[in-house]
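All remarks here apply to the structure that follows.
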Amino acid sequence: TGLTGDEADSLFLAGTPGAAAELGLGANLATAQLKLRAALPHGLGERSRRIQERFHLDAPAWFRDADPVPHLVTVAEAVWQQRALRVHYRRWNGEVHRELQPLGLVLKGGIWYLAARAEGGGVRTYRVSRVLAADVLDEPFERPADFDLADYWQRSSRRLEDARFQGEALLRLSPRGLRLLPAQFGAVGGA
């Protein structure tokens, strides 16, 4: 096909061109798509062009600005190269310095998250926009053979959902406010 390694890698992000661009793979993705389309038989090439013309994935949610992720490329490099990552990270209660073993990146609702193991601990989730500084270290680490990013993310998301919204609130809303509540708060906003 004439695809380079980076172009082939970028094809897995074909449905999310914004994510590919944030990871520094936007040009590779465009080139890979052109090469792939050229290699397809006429009917399939035309079909892929129509699909691209008629469907578009816009992952970020409405009504909020995108998180700036100036260290995303560095974090992704550490994930890809399986190298330890030293970060300066802003938590809700202050800043910390950590050395992490980055296991994977997740894009959820337009926000990037890093699944990583800290020294002496289990796998935790870090919001990439809260990384204030990041350096890829020379030392490789042994990735857990049984780690499955999609499974980890599903279990982690479920734990977060179960922990959220445990209280009740009494609100006075206009009829219009009541109709708009689910748009702002999802299922929790239902009456």
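So you can find residues: chains in the structure tokens are A, B, ... in the order shown, residues in each start at 1, and ligands are numbered from 1 in order.
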Helix (DSSP H, G or I) call set, DSSP backbone run, stretch 57-130 of chain A, as a ChimeraX atom specification: /A:72-81,128-130
Go ahead and write the selection's residues with all heavy atoms as a compact mmCIF listing (two decimals), in the first residue's frame.
```txt
# COMPACT_ATOMS: atom_id res chain seq x y z
N LEU A 72 0.21 16.64 25.75
CA LEU A 72 -0.37 15.41 25.22
C LEU A 72 0.60 14.63 24.36
O LEU A 72 0.70 13.41 24.49
CB LEU A 72 -1.65 15.72 24.43
CG LEU A 72 -2.33 14.50 23.80
CD1 LEU A 72 -2.77 13.50 24.86
CD2 LEU A 72 -3.51 14.95 22.95
N VAL A 73 1.34 15.29 23.48
CA VAL A 73 2.26 14.58 22.60
C VAL A 73 3.35 13.89 23.42
O VAL A 73 3.71 12.74 23.14
CB VAL A 73 2.86 15.54 21.55
CG1 VAL A 73 3.96 14.87 20.75
CG2 VAL A 73 1.76 16.03 20.60
N THR A 74 3.85 14.54 24.45
CA THR A 74 4.87 13.95 25.32
C THR A 74 4.31 12.73 26.05
O THR A 74 4.95 11.68 26.13
CB THR A 74 5.39 14.98 26.34
OG1 THR A 74 5.89 16.11 25.63
CG2 THR A 74 6.46 14.40 27.23
N VAL A 75 3.10 12.87 26.58
CA VAL A 75 2.46 11.77 27.29
C VAL A 75 2.23 10.60 26.33
O VAL A 75 2.52 9.43 26.65
CB VAL A 75 1.13 12.22 27.93
CG1 VAL A 75 0.34 11.04 28.47
CG2 VAL A 75 1.40 13.24 29.04
N ALA A 76 1.75 10.89 25.12
CA ALA A 76 1.50 9.84 24.13
C ALA A 76 2.81 9.15 23.73
O ALA A 76 2.84 7.93 23.53
CB ALA A 76 0.82 10.43 22.90
N GLU A 77 3.88 9.91 23.63
CA GLU A 77 5.20 9.33 23.31
C GLU A 77 5.61 8.33 24.38
O GLU A 77 6.09 7.23 24.07
CB GLU A 77 6.23 10.45 23.19
CG GLU A 77 7.63 9.99 22.90
CD GLU A 77 8.64 11.14 22.91
OE1 GLU A 77 8.24 12.30 22.71
OE2 GLU A 77 9.82 10.87 23.16
N ALA A 78 5.40 8.68 25.64
CA ALA A 78 5.76 7.78 26.74
C ALA A 78 4.90 6.52 26.70
O ALA A 78 5.40 5.41 26.92
CB ALA A 78 5.60 8.49 28.08
N VAL A 79 3.60 6.68 26.40
CA VAL A 79 2.72 5.52 26.29
C VAL A 79 3.21 4.61 25.16
O VAL A 79 3.35 3.40 25.34
CB VAL A 79 1.26 5.96 26.02
CG1 VAL A 79 0.38 4.77 25.65
CG2 VAL A 79 0.67 6.69 27.22
N TRP A 80 3.47 5.22 24.01
CA TRP A 80 3.85 4.44 22.83
C TRP A 80 5.19 3.73 23.02
O TRP A 80 5.36 2.59 22.63
CB TRP A 80 3.90 5.37 21.62
CG TRP A 80 4.15 4.67 20.35
CD1 TRP A 80 5.28 4.74 19.58
CD2 TRP A 80 3.29 3.75 19.68
NE1 TRP A 80 5.16 3.94 18.48
CE2 TRP A 80 3.94 3.31 18.52
CE3 TRP A 80 2.02 3.25 19.97
CZ2 TRP A 80 3.37 2.39 17.65
CZ3 TRP A 80 1.45 2.35 19.09
CH2 TRP A 80 2.13 1.92 17.95
N GLN A 81 6.16 4.44 23.62
CA GLN A 81 7.50 3.88 23.78
C GLN A 81 7.64 3.02 25.03
O GLN A 81 8.69 2.44 25.28
CB GLN A 81 8.55 4.99 23.80
CG GLN A 81 8.65 5.72 22.50
CD GLN A 81 9.68 6.84 22.56
OE1 GLN A 81 10.34 7.06 23.58
NE2 GLN A 81 9.82 7.55 21.47
N VAL A 128 -5.20 14.65 31.44
CA VAL A 128 -3.99 15.14 30.78
C VAL A 128 -3.90 16.67 30.82
O VAL A 128 -2.81 17.22 30.92
CB VAL A 128 -3.89 14.61 29.34
CG1 VAL A 128 -2.67 15.17 28.62
CG2 VAL A 128 -3.83 13.08 29.35
N SER A 129 -5.02 17.37 30.81
CA SER A 129 -4.98 18.83 30.87
C SER A 129 -4.43 19.35 32.20
O SER A 129 -4.04 20.50 32.30
CB SER A 129 -6.37 19.43 30.62
OG SER A 129 -7.27 19.03 31.63
N ARG A 130 -4.38 18.50 33.20
CA ARG A 130 -3.85 18.90 34.50
C ARG A 130 -2.35 18.61 34.65
O ARG A 130 -1.77 18.87 35.70
CB ARG A 130 -4.62 18.22 35.62
CG ARG A 130 -6.06 18.70 35.68
CD ARG A 130 -6.79 18.09 36.83
NE ARG A 130 -8.17 18.55 36.83
CZ ARG A 130 -9.14 17.98 37.51
NH1 ARG A 130 -8.87 16.93 38.27
NH2 ARG A 130 -10.36 18.46 37.45
```
Using 8 Å as the limit and counting only C-alpha atoms, can you tabulate each residue of stretch 95-137 of chain A that touches stretch 147-167 of chain A, with its shortest atom-to-atom distance in Å and the two atoms involved, as CSV?
```
residue,atom,partner,partner_atom,distance
A:Leu103,CA,A:Leu149,CA,7.6
A:Gly104,CA,A:Leu149,CA,6.4
A:Val106,CA,A:Trp153,CA,7.9
A:Ala115,CA,A:Leu149,CA,7.8
```
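Using only C-alpha atoms, the smallest distance between any of A:Arg91, A:His42, A:Arg64, A:Lys35 and A:Arg127 comes from A:Arg91.
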Minimum-distance residue to A:Glu142, chosen among A:Gly43, A:Pro102, A:Pro182, A:Pro68 (using only C-alpha atoms):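 Smallest separation from A:Glu142 among the options: A:Pro102.
Interatomic distance, atom CA of A:Ala134 to atom CA of A:Glu119: 16.1 Å.
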